[in-house]
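**Q** Just one file: start_16.cif, with mmCIF, C-alpha atoms, pLDDT in the B column; chains and numbers go by the auth columns.
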data_work
#
loop_
_atom_site.group_PDB
_atom_site.id
_atom_site.type_symbol
_atom_site.label_atom_id
_atom_site.label_comp_id
_atom_site.label_asym_id
_atom_site.label_seq_id
_atom_site.Cartn_x
_atom_site.Cartn_y
_atom_site.Cartn_z
_atom_site.B_iso_or_equiv
_atom_site.auth_seq_id
_atom_site.auth_asym_id
ATOM 1 C CA MET A 1 0.000 0.000 0.000 50.00 1 S
ATOM 2 C CA SER A 2 1.363 3.289 -0.903 51.00 2 S
ATOM 3 C CA GLU A 3 1.107 6.338 1.237 57.00 3 S
ATOM 4 C CA GLN A 4 0.549 9.785 -0.072 54.00 4 S
ATOM 5 C CA ALA A 5 1.779 12.791 1.714 53.00 5 S
ATOM 6 C CA THR A 6 0.163 16.185 1.326 52.00 6 S
ATOM 7 C CA LEU A 7 1.799 19.421 2.168 51.00 7 S
ATOM 8 C CA SER A 8 -0.186 21.799 4.280 51.00 8 S
ATOM 9 C CA SER A 9 0.001 25.491 3.480 52.00 9 S
ATOM 10 C CA ALA A 10 1.637 26.105 6.810 52.00 10 S
ATOM 11 C CA GLU A 11 4.616 23.940 5.986 54.00 11 S
ATOM 12 C CA PRO A 12 7.292 25.247 3.658 54.00 12 S
ATOM 13 C CA ALA A 13 7.419 23.651 0.250 54.00 13 S
ATOM 14 C CA THR A 14 10.303 21.358 -0.363 60.00 14 S
ATOM 15 C CA ASP A 15 11.131 22.965 -3.706 62.00 15 S
ATOM 16 C CA GLY A 16 12.192 26.265 -2.112 60.00 16 S
ATOM 17 C CA THR A 17 9.095 28.350 -2.922 60.00 17 S
ATOM 18 C CA PRO A 18 7.516 30.319 -0.091 59.00 18 S
ATOM 19 C CA PRO A 19 4.206 29.135 1.328 58.00 19 S
ATOM 20 C CA SER A 20 1.056 30.562 -0.294 58.00 20 S
ATOM 21 C CA GLU A 21 -0.657 33.556 1.307 55.00 21 S
ATOM 22 C CA PRO A 22 -4.006 33.207 3.021 55.00 22 S
ATOM 23 C CA ALA A 23 -7.113 34.178 1.016 56.00 23 S
ATOM 24 C CA GLY A 24 -7.304 37.876 2.119 56.00 24 S
ATOM 25 C CA ASP A 25 -4.650 39.513 -0.119 58.00 25 S
ATOM 26 C CA PRO A 26 -3.840 42.877 1.516 58.00 26 S
ATOM 27 C CA ALA A 27 -2.765 44.372 -1.838 53.00 27 S
ATOM 28 C CA ALA A 28 -6.251 43.930 -3.362 57.00 28 S
ATOM 29 C CA PRO A 29 -8.527 46.956 -2.831 63.00 29 S
ATOM 30 C CA SER A 30 -11.463 46.427 -0.584 84.00 30 S
ATOM 31 C CA ARG A 31 -15.053 47.125 -1.606 85.00 31 S
ATOM 32 C CA LEU A 32 -15.197 50.000 0.892 84.00 32 S
ATOM 33 C CA GLY A 33 -12.087 51.580 -0.606 82.00 33 S
ATOM 34 C CA ALA A 34 -13.550 51.365 -4.106 84.00 34 S
ATOM 35 C CA VAL A 35 -16.818 52.981 -2.985 87.00 35 S
ATOM 36 C CA LEU A 36 -14.937 55.776 -1.200 89.00 36 S
ATOM 37 C CA GLY A 37 -12.849 56.367 -4.308 88.00 37 S
ATOM 38 C CA VAL A 38 -15.962 56.766 -6.456 90.00 38 S
ATOM 39 C CA VAL A 39 -17.554 59.118 -3.898 92.00 39 S
ATOM 40 C CA VAL A 40 -14.434 61.303 -3.793 93.00 40 S
ATOM 41 C CA LEU A 41 -14.314 61.377 -7.600 93.00 41 S
ATOM 42 C CA LEU A 42 -17.980 62.408 -7.834 94.00 42 S
ATOM 43 C CA LEU A 43 -17.481 65.138 -5.215 94.00 43 S
ATOM 44 C CA GLY A 44 -14.522 66.472 -7.199 92.00 44 S
ATOM 45 C CA VAL A 45 -16.542 66.582 -10.429 91.00 45 S
ATOM 46 C CA ALA A 46 -19.491 68.261 -8.653 91.00 46 S
ATOM 47 C CA THR A 47 -17.154 70.876 -7.157 90.00 47 S
ATOM 48 C CA ALA A 48 -15.609 71.615 -10.549 87.00 48 S
ATOM 49 C CA LEU A 49 -19.061 72.021 -12.123 87.00 49 S
ATOM 50 C CA LEU A 50 -20.189 74.316 -9.313 83.00 50 S
ATOM 51 C CA VAL A 51 -17.109 76.515 -9.671 81.00 51 S
ATOM 52 C CA GLY A 52 -17.633 76.722 -13.444 78.00 52 S
ATOM 53 C CA PHE A 53 -21.297 77.609 -12.918 73.00 53 S
ATOM 54 C CA LEU A 54 -20.435 80.358 -10.426 73.00 54 S
ATOM 55 C CA ILE A 55 -17.856 81.796 -12.803 74.00 55 S
ATOM 56 C CA LYS A 56 -20.435 81.882 -15.622 67.00 56 S
ATOM 57 C CA VAL A 57 -23.191 83.457 -13.501 64.00 57 S
ATOM 58 C CA GLY A 58 -20.932 85.788 -11.541 62.00 58 S
ATOM 59 C CA PRO A 59 -21.501 87.129 -8.052 57.00 59 S
ATOM 60 C CA SER A 60 -24.509 89.271 -8.973 52.00 60 S
ATOM 61 C CA GLY A 61 -25.604 87.217 -11.950 57.00 61 S
ATOM 62 C CA ASP A 62 -29.015 85.945 -12.843 53.00 62 S
ATOM 63 C CA LEU A 63 -29.842 82.287 -13.383 55.00 63 S
ATOM 64 C CA ARG A 64 -31.808 83.288 -16.472 49.00 64 S
ATOM 65 C CA ASP A 65 -28.451 84.098 -18.086 50.00 65 S
ATOM 66 C CA VAL A 66 -27.548 80.423 -17.830 56.00 66 S
ATOM 67 C CA PHE A 67 -30.883 78.635 -18.189 56.00 67 S
ATOM 68 C CA GLY A 68 -32.826 81.238 -20.146 52.00 68 S
ATOM 69 C CA SER A 69 -34.056 81.086 -23.696 54.00 69 S
ATOM 70 C CA GLY A 70 -31.157 83.115 -25.052 65.00 70 S
ATOM 71 C CA ASP A 71 -33.149 86.356 -25.126 76.00 71 S
ATOM 72 C CA GLY A 72 -31.944 88.155 -22.021 82.00 72 S
ATOM 73 C CA THR A 73 -34.678 90.797 -22.316 86.00 73 S
ATOM 74 C CA ALA A 74 -37.704 88.564 -23.030 85.00 74 S
ATOM 75 C CA GLU A 75 -39.128 89.143 -19.550 88.00 75 S
ATOM 76 C CA ALA A 76 -38.142 92.832 -19.259 89.00 76 S
ATOM 77 C CA ARG A 77 -40.834 95.087 -17.815 92.00 77 S
ATOM 78 C CA ILE A 78 -41.166 98.797 -17.097 94.00 78 S
ATOM 79 C CA GLY A 79 -38.872 99.615 -14.181 94.00 79 S
ATOM 80 C CA ASP A 80 -36.273 96.944 -15.040 94.00 80 S
ATOM 81 C CA CYS A 81 -32.756 97.833 -16.137 93.00 81 S
ATOM 82 C CA VAL A 82 -30.672 96.651 -19.079 91.00 82 S
ATOM 83 C CA ALA A 83 -26.898 96.335 -19.361 89.00 83 S
ATOM 84 C CA ASP A 84 -24.950 98.528 -21.769 86.00 84 S
ATOM 85 C CA LEU A 85 -25.823 98.216 -25.453 83.00 85 S
ATOM 86 C CA PRO A 86 -23.974 99.078 -28.672 75.00 86 S
ATOM 87 C CA THR A 87 -23.736 102.798 -29.392 73.00 87 S
ATOM 88 C CA VAL A 88 -25.885 103.940 -32.308 68.00 88 S
ATOM 89 C CA ALA A 89 -26.525 107.326 -33.897 67.00 89 S
ATOM 90 C CA GLY A 90 -29.823 108.491 -35.366 68.00 90 S
ATOM 91 C CA VAL A 91 -31.699 105.681 -37.064 67.00 91 S
ATOM 92 C CA GLU A 92 -28.669 103.404 -37.214 67.00 92 S
ATOM 93 C CA ALA A 93 -29.243 99.795 -36.113 69.00 93 S
ATOM 94 C CA LYS A 94 -26.731 97.374 -34.600 71.00 94 S
ATOM 95 C CA ALA A 95 -27.069 93.834 -33.306 70.00 95 S
ATOM 96 C CA ALA A 96 -27.565 93.627 -29.561 76.00 96 S
ATOM 97 C CA ASP A 97 -27.726 89.853 -29.148 73.00 97 S
ATOM 98 C CA ASP A 98 -26.137 89.943 -25.706 79.00 98 S
ATOM 99 C CA ALA A 99 -28.637 92.471 -24.271 86.00 99 S
ATOM 100 C CA ARG A 100 -29.785 91.378 -20.836 89.00 100 S
ATOM 101 C CA VAL A 101 -31.792 92.548 -17.860 91.00 101 S
ATOM 102 C CA VAL A 102 -29.656 93.356 -14.811 91.00 102 S
ATOM 103 C CA ARG A 103 -30.359 94.605 -11.318 92.00 103 S
ATOM 104 C CA CYS A 104 -30.858 98.370 -11.363 92.00 104 S
ATOM 105 C CA ASP A 105 -28.434 98.821 -8.463 91.00 105 S
ATOM 106 C CA SER A 106 -25.635 96.926 -10.237 89.00 106 S
ATOM 107 C CA ALA A 107 -22.734 98.668 -11.929 90.00 107 S
ATOM 108 C CA ALA A 108 -23.751 96.980 -15.214 89.00 108 S
ATOM 109 C CA ALA A 109 -27.102 98.808 -15.369 91.00 109 S
ATOM 110 C CA ALA A 110 -26.940 101.351 -18.208 91.00 110 S
ATOM 111 C CA TYR A 111 -30.557 101.754 -19.340 91.00 111 S
ATOM 112 C CA ALA A 112 -33.957 101.824 -17.628 93.00 112 S
ATOM 113 C CA VAL A 113 -36.975 100.252 -19.304 94.00 113 S
ATOM 114 C CA VAL A 114 -39.619 103.003 -19.567 95.00 114 S
ATOM 115 C CA GLY A 115 -41.898 101.187 -22.005 93.00 115 S
ATOM 116 C CA ARG A 116 -42.567 97.841 -23.614 92.00 116 S
ATOM 117 C CA VAL A 117 -44.544 97.505 -26.822 91.00 117 S
ATOM 118 C CA GLN A 118 -45.717 94.009 -27.731 89.00 118 S
ATOM 119 C CA ASP A 119 -46.037 94.654 -31.473 81.00 119 S
ATOM 120 C CA PRO A 120 -44.455 92.131 -33.851 83.00 120 S
ATOM 121 C CA ALA A 121 -45.046 94.354 -36.905 82.00 121 S
ATOM 122 C CA ALA A 122 -43.281 97.332 -35.302 80.00 122 S
ATOM 123 C CA ALA A 123 -40.422 95.073 -34.208 81.00 123 S
ATOM 124 C CA ARG A 124 -40.018 93.564 -37.682 81.00 124 S
ATOM 125 C CA THR A 125 -40.037 96.984 -39.368 82.00 125 S
ATOM 126 C CA ARG A 126 -37.907 98.521 -36.609 79.00 126 S
ATOM 127 C CA SER A 127 -40.409 101.317 -36.126 79.00 127 S
ATOM 128 C CA ALA A 128 -39.372 103.438 -33.156 83.00 128 S
ATOM 129 C CA ALA A 129 -42.607 105.466 -33.385 88.00 129 S
ATOM 130 C CA ALA A 130 -44.302 103.102 -30.907 89.00 130 S
ATOM 131 C CA CYS A 131 -41.813 104.202 -28.209 91.00 131 S
ATOM 132 C CA GLU A 132 -42.233 107.958 -28.692 92.00 132 S
ATOM 133 C CA PRO A 133 -44.976 108.267 -26.033 93.00 133 S
ATOM 134 C CA TYR A 134 -42.574 106.810 -23.439 93.00 134 S
ATOM 135 C CA PHE A 135 -39.767 109.293 -24.017 92.00 135 S
ATOM 136 C CA ARG A 136 -39.634 112.723 -22.390 91.00 136 S
ATOM 137 C CA PRO A 137 -37.903 115.773 -23.887 91.00 137 S
ATOM 138 C CA GLY A 138 -34.176 115.531 -23.173 88.00 138 S
ATOM 139 C CA ASP A 139 -34.192 111.730 -22.710 88.00 139 S
ATOM 140 C CA ASP A 140 -31.352 109.787 -24.263 85.00 140 S
ATOM 141 C CA GLY A 141 -33.756 107.233 -25.762 87.00 141 S
ATOM 142 C CA TYR A 142 -32.860 103.825 -27.139 87.00 142 S
ATOM 143 C CA VAL A 143 -35.212 101.362 -28.819 89.00 143 S
ATOM 144 C CA LEU A 144 -34.371 97.667 -28.590 88.00 144 S
ATOM 145 C CA TYR A 145 -36.121 95.506 -31.199 85.00 145 S
ATOM 146 C CA ARG A 146 -36.611 91.775 -30.696 83.00 146 S
ATOM 147 C CA VAL A 147 -38.160 89.391 -33.207 80.00 147 S
ATOM 148 C CA GLY A 148 -38.232 85.682 -32.409 77.00 148 S
ATOM 149 C CA ASP A 149 -37.940 82.774 -34.812 72.00 149 S
ATOM 150 C CA ASP A 150 -41.720 82.409 -34.608 74.00 150 S
ATOM 151 C CA GLY A 151 -42.220 85.973 -35.922 75.00 151 S
ATOM 152 C CA ASP A 152 -43.420 87.307 -32.576 81.00 152 S
ATOM 153 C CA GLY A 153 -41.651 90.449 -31.426 86.00 153 S
ATOM 154 C CA TYR A 154 -41.559 93.417 -29.108 90.00 154 S
ATOM 155 C CA LEU A 155 -39.882 96.769 -28.582 89.00 155 S
ATOM 156 C CA LEU A 156 -38.210 97.923 -25.388 92.00 156 S
ATOM 157 C CA CYS A 157 -38.190 101.658 -24.894 92.00 157 S
ATOM 158 C CA LEU A 158 -35.069 102.498 -22.899 92.00 158 S
ATOM 159 C CA VAL A 159 -33.468 105.621 -21.466 93.00 159 S
ATOM 160 C CA ARG A 160 -29.969 106.078 -20.126 89.00 160 S
ATOM 161 C CA GLN A 161 -29.749 105.651 -16.351 79.00 161 S
ATOM 162 C CA ALA A 162 -28.207 109.129 -16.237 64.00 162 S
ATOM 163 C CA ASN A 163 -31.667 110.525 -17.071 52.00 163 S
ATOM 164 C CA GLY A 164 -32.649 109.777 -13.475 54.00 164 S
ATOM 165 C CA ARG A 165 -35.469 107.399 -14.188 55.00 165 S
#
Take the structure I supplied and represent it as structure tokens, if you would.
**A**
Amino acid sequence: MSEQATLSSAEPATDGTPPSEPAGDPAAPSRLGAVLGVVVLLLGVATALLVGFLIKVGPSGDLRDVFGSGDGTAEARIGDCVADLPTVAGVEAKAADDARVVRCDSAAAAYAVVGRVQDPAAARTRSAAACEPYFRPGDDGYVLYRVGDDGDGYLLCLVRQANGR
């Protein structure tokens, strides 16, 4: 009868190799470590997005600048203020795509809204006549025309903040 001998893992191998390690390999990452790594990564991404958002909005910014429809004056009403616009002379017209409503007490406020005319035809033809009743003698008046892709439009009748309105 032949006998077989088995080596236990606690005994050194006879061929000179070290004994095998127990099942819990300390070099392998644990499940908890992997979860913590993902959480830290997500927090880092969220922080970066928040910083980018705050830079875009600015300290006195408006969320409509970020999430709005692209027309920064769509909701402008009498008494609101508008940031500086391109300088024009007489009946000259210039694009004012970046026009936006700002807080009247901010340094960016350049014009006050003294009238709003919801008239697509006047906006399409750029007729400033609809704003004349809103301007007083001596006002530095400015008419902002907006026509949407759907053909709807409006006029904003603006005066320089220096006019005291």
**Q** Using all atoms listed in the file, which protein or nucleic acid residues come within 10 Å of S:Gln118? Drop anything in the same chain fewer than 5 positions from it, and give the result as a list in words.
**A**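 In the requested form, the answer reads Ala123, Ala130, Arg146, Asp152, Gly153, Tyr154, Leu155 and Leu156 of chain S.
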**Q** To one decimal place in Å, what is the distance between atom CA of S:Val114 and atom CA of S:Ile78?
**A**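 Between these atoms lies a distance of 5.1 Å.
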**Q** Any idea what the distance is between atom CA of S:Thr73 and atom CA of S:Asp105?
**A**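 Between atom CA of S:Thr73 and atom CA of S:Asp105 the gap is 17.2 Å.
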**Q** Out of S:Gly138, S:Gly44, S:Gly52, S:Gly115, which residue has the shortest atom-to-atom distance to S:Arg77 when counting all atoms listed in the file?
**A**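 Of all the options, S:Gly115 lies closest to S:Arg77.
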**Q** Identify which of the residues S:Cys157, S:Ile55, S:Val45, S:Cys104 lies closest to S:Glu132, counting all atoms listed in the file when measuring atom-to-atom distances.
**A** S:Cys157
**Q** Taking (-34.8, 88.0, -24.9) as a centre in this file's frame and 10 Å as the limit, can you find every polymer residue with an atom that close, using all atoms listed in the file, and give them as a list in words?
**A** Gly68, Ser69, Gly70, Asp71, Gly72, Thr73, Ala74, Glu75, Ala76, Asp97, Asp98, Ala99, Arg100, Val101, Tyr145, Arg146, Val147, Gly148, Gly153 and Tyr154 of chain S
**Q** Mind pulling up the distance from atom CA of S:Ala95 to atom CA of S:Val159?
**A** 17.9 Å
**Q** Check the smallest atom-to-atom distance from each of S:Asp150, S:Gln161, S:Leu43, S:Gly141 to S:Ala107 using all atoms listed in the file, then report the winner.
**A**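 Closest to S:Ala107 of all the choices is S:Gln161.
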**Q** Carefully work through the PyMOL selection byres ((chain S and resi 84) around 8) for this structure and note down the residues it includes, as a PyMOL selection string.
**A** chain S and resi 82-83+85-86+99+108-111
**Q** Which residue is closest to S:Cys131? Choose from S:Cys81, S:Val51, S:Leu158, S:Leu32 and count all atoms listed in the file.
**A**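 Checking each of S:Cys81, S:Val51, S:Leu158, S:Leu32 against S:Cys131, counting all atoms listed in the file, the winner is S:Leu158.
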